[in-house]
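**Q** File name structure.csv; file contents CSV, C-alpha atoms; full text below.
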```csv
chain,number,residue,atom,x,y,z
C,3,MET,CA,76.7,71.5,95.0
C,4,GLU,CA,79.9,69.5,94.4
C,5,TYR,CA,82.7,70.7,92.0
C,6,LEU,CA,85.3,68.5,90.3
C,7,PHE,CA,88.7,70.1,90.7
C,8,TYR,CA,92.2,69.3,89.5
C,9,LYS,CA,95.4,70.1,91.4
C,10,TYR,CA,98.4,71.0,89.2
C,11,GLU,CA,101.9,72.2,90.0
C,12,GLY,CA,104.6,73.9,88.0
C,13,THR,CA,108.0,73.7,89.8
C,14,GLY,CA,106.2,73.7,93.1
C,15,ASN,CA,103.8,76.6,92.3
C,16,ASP,CA,100.5,74.8,92.9
C,17,PHE,CA,97.0,75.6,91.7
C,18,ILE,CA,93.4,74.5,91.9
C,19,VAL,CA,92.1,74.2,88.3
C,20,ILE,CA,88.4,74.1,87.3
C,21,ASP,CA,86.8,73.5,84.0
C,22,ASN,CA,84.2,76.3,83.9
C,23,ARG,CA,83.1,76.1,80.3
C,24,LEU,CA,79.6,75.7,81.4
C,25,GLN,CA,79.8,78.8,83.6
C,26,THR,CA,78.7,77.0,86.8
C,27,PHE,CA,81.4,78.3,89.1
C,28,PRO,CA,80.5,81.4,91.2
C,29,SER,CA,83.4,83.4,89.8
C,30,THR,CA,82.8,86.5,92.0
C,31,ASP,CA,82.7,84.6,95.2
C,32,TYR,CA,86.1,85.6,96.3
C,33,LYS,CA,85.7,84.3,99.9
C,34,LEU,CA,85.0,80.9,98.4
C,35,VAL,CA,88.2,81.0,96.4
C,36,GLU,CA,90.2,82.1,99.5
C,37,ARG,CA,88.8,79.3,101.5
C,38,TRP,CA,89.6,76.7,98.9
C,39,CYS,CA,93.2,78.0,98.6
C,40,ASN,CA,93.6,77.8,102.4
C,41,ARG,CA,96.0,75.0,103.3
C,42,LYS,CA,94.3,74.3,106.6
C,43,PHE,CA,90.6,74.7,105.8
C,44,GLY,CA,90.4,74.1,102.1
C,45,ILE,CA,92.2,72.2,99.3
C,46,GLY,CA,95.3,74.4,99.6
C,47,ALA,CA,97.1,76.2,96.7
C,48,ASP,CA,99.0,79.3,95.6
C,49,GLY,CA,96.0,80.2,93.4
C,50,LEU,CA,92.9,79.1,91.7
C,51,MET,CA,92.3,79.1,87.9
C,52,LEU,CA,89.2,78.7,85.7
C,53,LEU,CA,89.3,77.5,82.2
C,54,GLN,CA,86.5,79.1,80.1
C,55,ASN,CA,85.4,79.3,76.5
C,56,HIS,CA,86.6,82.0,74.2
C,57,ASP,CA,85.0,83.2,71.0
C,58,THR,CA,88.2,83.1,68.8
C,59,LEU,CA,90.9,81.4,70.8
C,60,ASP,CA,91.2,77.9,72.3
C,61,PHE,CA,90.2,79.0,75.8
C,62,GLU,CA,90.4,81.8,78.4
C,63,MET,CA,92.3,81.6,81.7
C,64,LEU,CA,90.9,83.4,84.8
C,65,TYR,CA,93.4,83.5,87.7
C,66,TYR,CA,92.8,84.2,91.4
C,67,ASN,CA,95.4,84.7,94.0
C,68,ALA,CA,95.3,82.7,97.2
C,69,ASP,CA,93.7,85.6,99.0
C,70,GLY,CA,90.7,85.2,96.7
C,71,LYS,CA,91.2,88.3,94.6
C,72,PRO,CA,91.5,88.3,90.8
C,73,GLY,CA,95.2,88.3,90.0
C,74,SER,CA,97.5,89.5,87.3
C,75,MET,CA,99.2,87.1,84.9
C,76,CYS,CA,100.7,83.9,86.4
C,77,GLY,CA,103.4,82.3,84.3
C,78,ASN,CA,103.5,78.9,86.1
C,79,GLY,CA,99.7,79.0,86.2
C,80,GLY,CA,99.5,79.6,82.5
C,81,ARG,CA,101.8,76.6,81.9
C,82,CYS,CA,99.6,74.5,84.1
C,83,MET,CA,96.5,75.7,82.3
C,84,VAL,CA,98.0,74.5,78.9
C,85,ALA,CA,98.5,71.0,80.3
C,86,PHE,CA,95.0,71.1,81.7
C,87,ALA,CA,93.6,72.1,78.3
C,88,LYS,CA,95.4,69.2,76.7
C,89,GLU,CA,94.0,66.8,79.3
C,90,LEU,CA,90.5,68.0,78.5
C,91,GLY,CA,91.2,67.4,74.7
C,92,ILE,CA,90.7,71.1,73.9
C,93,ILE,CA,94.2,71.4,72.4
C,94,GLU,CA,96.9,69.0,71.1
C,95,ASN,CA,100.5,70.3,71.2
C,96,THR,CA,100.1,74.0,70.5
C,97,THR,CA,97.6,76.7,71.7
C,98,ALA,CA,96.6,80.3,71.7
C,99,PHE,CA,94.6,81.4,74.7
C,100,MET,CA,93.5,84.6,76.5
C,101,ALA,CA,94.8,85.7,79.9
C,102,VAL,CA,94.4,88.9,81.8
C,103,ASP,CA,97.3,90.5,80.1
C,104,GLY,CA,96.4,89.4,76.5
C,105,VAL,CA,96.9,86.5,74.2
C,106,HIS,CA,99.5,83.9,75.0
C,107,HIS,CA,100.9,81.2,72.7
C,108,ALA,CA,102.3,78.0,74.1
C,109,LYS,CA,103.4,74.5,73.2
C,110,ILE,CA,103.5,71.3,75.2
C,111,SER,CA,105.6,68.1,74.8
C,112,ALA,CA,105.1,65.4,77.4
C,113,ASN,CA,105.0,67.4,80.7
C,114,ILE,CA,107.2,70.3,79.4
C,115,VAL,CA,105.3,73.5,78.6
C,116,GLN,CA,106.8,76.5,76.9
C,117,LEU,CA,104.8,79.6,77.3
C,118,ALA,CA,105.3,82.8,75.3
C,119,MET,CA,105.2,85.9,77.6
C,120,GLN,CA,104.3,89.4,76.6
C,121,ASP,CA,107.0,91.8,75.4
C,122,VAL,CA,108.6,94.0,78.0
C,123,ALA,CA,109.4,97.6,77.1
C,124,GLU,CA,110.6,99.2,80.3
C,125,ILE,CA,112.9,98.3,83.2
C,126,THR,CA,113.3,100.9,85.9
C,127,PRO,CA,116.3,101.0,88.2
C,128,ASN,CA,115.1,101.4,91.8
C,129,ALA,CA,118.0,102.0,94.3
C,130,ASP,CA,119.9,98.7,94.1
C,131,ALA,CA,117.1,96.8,92.4
C,132,PHE,CA,115.0,96.9,89.2
C,133,VAL,CA,111.3,97.2,88.7
C,134,LEU,CA,109.5,95.8,85.7
C,135,ASN,CA,106.2,94.2,84.6
C,136,THR,CA,106.2,90.7,83.1
C,137,GLY,CA,102.4,90.3,83.2
C,138,SER,CA,102.7,91.0,87.0
C,139,PRO,CA,104.7,93.7,88.7
C,140,HIS,CA,108.1,92.6,90.0
C,141,TYR,CA,110.9,94.1,92.1
C,142,VAL,CA,114.2,92.3,91.4
C,143,LEU,CA,117.0,92.6,93.9
C,144,PHE,CA,120.4,91.0,93.2
C,145,THR,CA,122.3,89.5,96.1
C,146,THR,CA,125.3,87.2,96.7
C,147,ASP,CA,123.6,84.8,99.2
C,148,VAL,CA,120.0,84.0,98.3
C,149,GLU,CA,120.1,80.9,100.5
C,150,GLN,CA,120.5,82.9,103.7
C,151,ILE,CA,117.8,85.5,103.1
C,152,ASN,CA,114.6,85.4,105.2
C,153,VAL,CA,112.4,85.9,102.1
C,154,LEU,CA,109.2,86.3,104.1
C,155,GLU,CA,110.5,89.1,106.3
C,156,ALA,CA,112.6,90.9,103.7
C,157,GLY,CA,110.0,90.5,101.0
C,158,LYS,CA,107.2,91.7,103.2
C,159,ALA,CA,109.1,94.8,104.2
C,160,ILE,CA,109.6,95.8,100.5
C,161,ARG,CA,106.1,94.8,99.4
C,162,TYR,CA,104.4,96.9,102.1
C,163,ASN,CA,106.7,100.0,102.1
C,164,THR,CA,105.2,103.3,101.2
C,165,GLU,CA,106.1,103.0,97.5
C,166,PHE,CA,104.5,99.7,96.8
C,167,ALA,CA,101.9,99.0,99.6
C,168,LYS,CA,98.8,100.3,97.7
C,169,GLU,CA,99.2,98.3,94.4
C,170,GLY,CA,101.4,95.6,95.7
C,171,ILE,CA,104.5,94.1,94.0
C,172,ASN,CA,106.3,90.7,93.9
C,173,ILE,CA,109.8,90.6,95.4
C,174,ASN,CA,112.5,88.5,93.8
C,175,PHE,CA,115.9,87.9,95.4
C,176,VAL,CA,118.4,86.8,92.7
C,177,GLU,CA,121.9,85.4,92.9
C,178,GLU,CA,123.9,85.2,89.7
C,179,GLN,CA,125.7,81.9,89.4
C,180,ALA,CA,128.1,80.4,86.8
C,181,ASP,CA,125.4,78.2,85.3
C,182,GLY,CA,122.4,80.6,85.5
C,183,LEU,CA,120.4,82.3,88.2
C,184,TRP,CA,119.1,81.2,91.7
C,185,VAL,CA,115.8,83.0,92.5
C,186,ARG,CA,113.5,83.1,95.5
C,187,THR,CA,110.2,85.0,95.4
C,188,TYR,CA,107.8,86.6,97.8
C,189,GLU,CA,104.4,86.8,96.0
C,190,ARG,CA,101.7,89.4,96.7
C,191,GLY,CA,98.3,87.8,97.0
C,192,VAL,CA,99.9,84.7,98.6
C,193,GLU,CA,101.8,87.1,101.0
C,194,ASN,CA,104.5,84.6,101.5
C,195,GLU,CA,107.4,82.9,99.7
C,196,THR,CA,106.3,80.4,97.0
C,197,LEU,CA,108.4,77.6,95.7
C,198,SER,CA,108.5,79.2,92.3
C,199,CYS,CA,107.1,82.2,90.4
C,200,GLY,CA,107.0,82.1,86.6
C,201,THR,CA,106.6,85.8,86.0
C,202,GLY,CA,109.2,86.4,88.7
C,203,VAL,CA,111.8,84.1,87.1
C,204,THR,CA,111.1,85.9,83.8
C,205,ALA,CA,111.6,89.3,85.5
C,206,ALA,CA,114.9,88.1,87.1
C,207,VAL,CA,116.3,86.9,83.8
C,208,LEU,CA,115.3,90.1,82.0
C,209,ALA,CA,116.8,92.3,84.7
C,210,HIS,CA,120.0,90.2,84.6
C,211,ALA,CA,120.1,90.6,80.8
C,212,PHE,CA,119.6,94.4,81.1
C,213,LYS,CA,122.5,94.6,83.6
C,214,LYS,CA,124.8,92.6,81.4
C,215,ASN,CA,123.6,94.2,78.1
C,216,MET,CA,122.8,90.8,76.6
C,217,GLN,CA,121.1,90.9,73.2
C,218,GLN,CA,119.7,87.4,73.5
C,219,GLY,CA,119.9,84.6,75.9
C,220,TYR,CA,118.8,81.2,77.1
C,221,ILE,CA,119.1,81.2,80.9
C,222,LYS,CA,118.6,78.4,83.4
C,223,VAL,CA,116.9,79.4,86.7
C,224,THR,CA,116.9,77.4,89.9
C,225,THR,CA,114.0,77.8,92.2
C,226,LEU,CA,113.0,76.0,95.4
C,227,GLY,CA,110.6,74.0,93.3
C,228,GLY,CA,112.8,73.1,90.4
C,229,MET,CA,114.4,74.3,87.2
C,230,LEU,CA,112.9,76.8,84.7
C,231,THR,CA,114.5,78.3,81.6
C,232,VAL,CA,113.8,81.7,80.0
C,233,LYS,CA,114.9,82.7,76.5
C,234,PHE,CA,114.6,86.2,75.1
C,235,ASP,CA,115.8,88.9,72.6
C,236,GLN,CA,116.8,92.4,73.6
C,237,LYS,CA,117.0,94.4,70.4
C,238,MET,CA,117.1,97.8,72.1
C,239,GLU,CA,118.2,98.6,75.7
C,240,GLY,CA,115.4,97.5,78.1
C,241,VAL,CA,113.1,96.3,75.2
C,242,PHE,CA,112.6,92.6,75.2
C,243,SER,CA,110.7,90.3,72.8
C,244,ASN,CA,110.4,86.6,72.0
C,245,ILE,CA,110.3,85.8,75.7
C,246,HIS,CA,109.6,82.2,76.5
C,247,LEU,CA,109.2,80.5,79.9
C,248,GLN,CA,109.7,76.8,80.0
C,249,GLY,CA,109.5,74.0,82.6
C,250,ALA,CA,107.8,70.9,83.8
C,251,VAL,CA,104.1,70.7,84.8
C,252,ASN,CA,102.4,67.9,86.7
C,253,LYS,CA,98.9,66.9,87.6
C,254,VAL,CA,98.9,66.1,91.3
C,255,TYR,CA,95.4,64.7,91.8
C,256,THR,CA,91.7,65.3,91.1
C,257,GLY,CA,88.9,65.5,93.7
C,258,LYS,CA,85.5,66.8,94.5
C,259,ILE,CA,84.6,69.6,97.0
C,260,ALA,CA,81.3,71.0,98.1
C,261,ILE,CA,80.4,74.6,98.6
```
Hey, can you dump this file as structure tokens for me?
**A**
Amino acid sequence: MEYLFYKYEGTGNDFIVIDNRLQTFPSTDYKLVERWCNRKFGIGADGLMLLQNHDTLDFEMLYYNADGKPGSMCGNGGRCMVAFAKELGIIENTTAFMAVDGVHHAKISANIVQLAMQDVAEITPNADAFVLNTGSPHYVLFTTDVEQINVLEAGKAIRYNTEFAKEGININFVEEQADGLWVRTYERGVENETLSCGTGVTAAVLAHAFKKNMQQGYIKVTTLGGMLTVKFDQKMEGVFSNIHLQGAVNKVYTGKIAI
């Protein structure tokens, strides 16, 4: 059996996207997902997403990590899914859809997608870093030279230490600059550095705002894959709302693959 798939990327975070409204994809075949995400033996991607029908919202997004396992919320994946839904004619310029962490609202103009993230009510200092959940768990470590860090080695050491090994966590290395932040991320499930991570960028911005006691902000973030922006309100210390992640999304190609 052949499947039509779409390849999308959001600031270099790339995904296999499949229209599964007819429920034909074997959604519990995690080995298949892992094989398709493999860059040597499959299509190659940081993750795979299914667009499915939802009873009351525009659609539902199911996300799988590159290791084939069902994942937590993916910010760049969510932005790509919005663009995909528009291509399919499911939405026009605004949408409300279901993801693993709840309902998300978004809007799209040309190839720019702004995605509303869930509120964040807790940021926990952890040695020289911060731990928080922006739909996925993140460890945010501030440094003065992100460019020189070996993200694979340093990220893996933290992700697999005794505190985080069981559940896993994403590791973000963040440099504060005059015009915003510079962020590099080691992602669990991919188990490597990715060119961008939407929930990681969001976590980095909120940790920065927490440090600086910023009541609101609109922060530019540089990643290896391009530029993202995050805006937010912090009405109480460590309690964030009106969080929006914005950046470009592009369809790379379409293809067919057989099981």
**Q** I'd like the contact shell of region 160-177 of chain C - 10 Å cut-off, only C-alpha atoms, skipping same-chain residues fewer than 3 positions apart - returned as a VMD selection string.
**A** chain C and resid 131 to 135 138 to 149 151 153 to 157 182 to 195 199 201 to 203 205 to 207 209 to 210 223 to 224
**Q** Which is closer to Trp38 (chain C) than all the others in C:Lys253, C:Lys9, C:Lys237, C:Lys158, using only C-alpha atoms?
**A**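 Nearest to Trp38 (chain C): C:Lys9.
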**Q** Using only C-alpha atoms, pick whichever of C:Gly44, C:Pro127, C:Pro72, C:Gly79 has the shortest atom-to-atom distance to Gly249 (chain C).
**A**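 Closest to Gly249 (chain C) of all the choices is C:Gly79.
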**Q** Rank C:Ser198, C:Ala180, C:Ser111, C:Leu117 by their smallest atom-to-atom distance to Val232 (chain C), using all atoms listed in the file, and report the top residue only.
**A**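 Distance minimum relative to Val232 (chain C) lands on C:Leu117.
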**Q** Counting all atoms listed in the file, I want the residues whose atoms come within 6 Å of (95.4, 89.9, 83.3) in the file frame, returned as a list in words.
**A**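 Every residue inside that radius is included here: Ser74, Met75, Ala101, Val102 and Asp103 of chain C.
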**Q** What are the centre and edge lengths in Å, to one decimal, of the axis-aligned box around all listed atoms of region 139-156 of chain C with 5 Å added on each side, as AutoDock Vina command-line options?
**A**
```
--center_x 115.0 --center_y 87.5 --center_z 97.5 --size_x 30.6 --size_y 23.2 --size_z 27.6
```
**Q** Near Ile45 (chain C), counting all atoms listed in the file, which residues have an atom at most 12 Å away, once you skip same-chain residues fewer than 2 positions from it, shown as a PyMOL selection string?
**A** chain C and resi 6-10+16-19+34-43+47-50+68+255-260
**Q** Export C-alpha atoms of the chosen residues as a PDB file, in the coordinates of the input?
**A**
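Below is the file that was written, out-v6.pdb:
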```
ATOM      1  CA  LEU C   6      85.300  68.500  90.300  1.00  0.00           C
ATOM      2  CA  PHE C   7      88.700  70.100  90.700  1.00  0.00           C
ATOM      3  CA  TYR C   8      92.200  69.300  89.500  1.00  0.00           C
ATOM      4  CA  LYS C   9      95.400  70.100  91.400  1.00  0.00           C
ATOM      5  CA  TYR C  10      98.400  71.000  89.200  1.00  0.00           C
ATOM      6  CA  ASP C  16     100.500  74.800  92.900  1.00  0.00           C
ATOM      7  CA  PHE C  17      97.000  75.600  91.700  1.00  0.00           C
ATOM      8  CA  ILE C  18      93.400  74.500  91.900  1.00  0.00           C
ATOM      9  CA  VAL C  19      92.100  74.200  88.300  1.00  0.00           C
ATOM     10  CA  LEU C  34      85.000  80.900  98.400  1.00  0.00           C
ATOM     11  CA  VAL C  35      88.200  81.000  96.400  1.00  0.00           C
ATOM     12  CA  GLU C  36      90.200  82.100  99.500  1.00  0.00           C
ATOM     13  CA  ARG C  37      88.800  79.300 101.500  1.00  0.00           C
ATOM     14  CA  TRP C  38      89.600  76.700  98.900  1.00  0.00           C
ATOM     15  CA  CYS C  39      93.200  78.000  98.600  1.00  0.00           C
ATOM     16  CA  ASN C  40      93.600  77.800 102.400  1.00  0.00           C
ATOM     17  CA  ARG C  41      96.000  75.000 103.300  1.00  0.00           C
ATOM     18  CA  LYS C  42      94.300  74.300 106.600  1.00  0.00           C
ATOM     19  CA  PHE C  43      90.600  74.700 105.800  1.00  0.00           C
ATOM     20  CA  ALA C  47      97.100  76.200  96.700  1.00  0.00           C
ATOM     21  CA  ASP C  48      99.000  79.300  95.600  1.00  0.00           C
ATOM     22  CA  GLY C  49      96.000  80.200  93.400  1.00  0.00           C
ATOM     23  CA  LEU C  50      92.900  79.100  91.700  1.00  0.00           C
ATOM     24  CA  ALA C  68      95.300  82.700  97.200  1.00  0.00           C
ATOM     25  CA  TYR C 255      95.400  64.700  91.800  1.00  0.00           C
ATOM     26  CA  THR C 256      91.700  65.300  91.100  1.00  0.00           C
ATOM     27  CA  GLY C 257      88.900  65.500  93.700  1.00  0.00           C
ATOM     28  CA  LYS C 258      85.500  66.800  94.500  1.00  0.00           C
ATOM     29  CA  ILE C 259      84.600  69.600  97.000  1.00  0.00           C
ATOM     30  CA  ALA C 260      81.300  71.000  98.100  1.00  0.00           C
TER      31      ALA C 260
END
```
**Q** For a quick check of understanding, using only C-alpha atoms, which of C:Gln25, C:Asn252, C:Asn215, C:Gln54 has the smallest distance to Asn78 (chain C)?
**A**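 Using only C-alpha atoms, Asn78 (chain C) sits closest to C:Asn252.
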**Q** Kindly give the distance, in Å, that separates CA of His106 (chain C) and CA of Gln120 (chain C), rounded to a single decimal.
**A**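 Between these atoms lies a distance of 7.5 Å.
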**Q** For region 50-72 of chain C of the block above, can you save N, CA, C and O atoms as a short mmCIF file (atom, residue, chain, number, x, y, z; two decimals), in the first residue's frame?
**A**
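This is the output file part_26.cif:
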```
data_model
loop_
_atom_site.label_atom_id
_atom_site.label_comp_id
_atom_site.auth_asym_id
_atom_site.auth_seq_id
_atom_site.Cartn_x
_atom_site.Cartn_y
_atom_site.Cartn_z
N LEU C 50 7.08 12.78 12.71
CA LEU C 50 5.98 12.51 11.78
C LEU C 50 4.68 12.97 12.42
O LEU C 50 4.46 12.78 13.62
N MET C 51 3.78 13.55 11.61
CA MET C 51 2.51 14.05 12.12
C MET C 51 1.35 13.55 11.28
O MET C 51 1.45 13.46 10.05
N LEU C 52 0.26 13.25 11.96
CA LEU C 52 -0.98 12.87 11.31
C LEU C 52 -2.01 13.97 11.53
O LEU C 52 -2.19 14.44 12.66
N LEU C 53 -2.69 14.38 10.48
CA LEU C 53 -3.84 15.28 10.59
C LEU C 53 -5.10 14.42 10.57
O LEU C 53 -5.30 13.65 9.63
N GLN C 54 -5.91 14.55 11.61
CA GLN C 54 -7.11 13.73 11.74
C GLN C 54 -8.34 14.60 12.02
O GLN C 54 -8.21 15.75 12.44
N ASN C 55 -9.49 14.05 11.78
CA ASN C 55 -10.74 14.75 12.07
C ASN C 55 -10.93 14.92 13.57
O ASN C 55 -10.43 14.12 14.37
N HIS C 56 -11.67 15.96 13.92
CA HIS C 56 -12.05 16.19 15.32
C HIS C 56 -13.52 16.59 15.36
O HIS C 56 -14.00 17.27 14.45
N ASP C 57 -14.21 16.16 16.39
CA ASP C 57 -15.66 16.37 16.44
C ASP C 57 -16.06 17.83 16.51
O ASP C 57 -17.07 18.24 15.91
N THR C 58 -15.29 18.66 17.23
CA THR C 58 -15.70 20.05 17.44
C THR C 58 -14.71 21.09 16.95
O THR C 58 -15.06 22.26 16.83
N LEU C 59 -13.48 20.68 16.67
CA LEU C 59 -12.45 21.61 16.21
C LEU C 59 -12.12 21.35 14.75
O LEU C 59 -12.63 20.42 14.14
N ASP C 60 -11.25 22.17 14.19
CA ASP C 60 -10.93 22.05 12.76
C ASP C 60 -10.24 20.73 12.44
O ASP C 60 -10.47 20.13 11.39
N PHE C 61 -9.36 20.28 13.33
CA PHE C 61 -8.66 19.02 13.12
C PHE C 61 -7.94 18.64 14.40
O PHE C 61 -7.89 19.40 15.37
N GLU C 62 -7.36 17.44 14.38
CA GLU C 62 -6.51 16.97 15.48
C GLU C 62 -5.12 16.66 14.94
O GLU C 62 -4.98 16.13 13.83
N MET C 63 -4.12 17.00 15.70
CA MET C 63 -2.72 16.75 15.34
C MET C 63 -2.16 15.64 16.22
O MET C 63 -2.17 15.74 17.44
N LEU C 64 -1.67 14.58 15.59
CA LEU C 64 -0.95 13.53 16.32
C LEU C 64 0.52 13.61 15.93
O LEU C 64 0.85 13.65 14.74
N TYR C 65 1.38 13.62 16.93
CA TYR C 65 2.80 13.81 16.68
C TYR C 65 3.62 12.63 17.18
O TYR C 65 3.39 12.13 18.28
N TYR C 66 4.59 12.21 16.36
CA TYR C 66 5.51 11.14 16.72
C TYR C 66 6.95 11.66 16.61
O TYR C 66 7.30 12.33 15.64
N ASN C 67 7.76 11.32 17.59
CA ASN C 67 9.18 11.65 17.51
C ASN C 67 9.87 10.80 16.45
O ASN C 67 9.32 9.79 15.98
N ALA C 68 11.10 11.17 16.11
CA ALA C 68 11.86 10.43 15.10
C ALA C 68 12.16 9.00 15.54
O ALA C 68 12.43 8.14 14.69
N ASP C 69 12.12 8.73 16.85
CA ASP C 69 12.33 7.36 17.31
C ASP C 69 11.08 6.50 17.20
O ASP C 69 11.07 5.34 17.59
N GLY C 70 10.01 7.08 16.64
CA GLY C 70 8.78 6.34 16.40
C GLY C 70 7.75 6.43 17.52
O GLY C 70 6.60 6.05 17.33
N LYS C 71 8.14 6.95 18.66
CA LYS C 71 7.25 7.00 19.81
C LYS C 71 6.34 8.23 19.78
O LYS C 71 6.78 9.29 19.33
N PRO C 72 5.10 8.11 20.24
CA PRO C 72 4.23 9.29 20.34
C PRO C 72 4.90 10.35 21.19
O PRO C 72 5.48 10.05 22.26
#
```
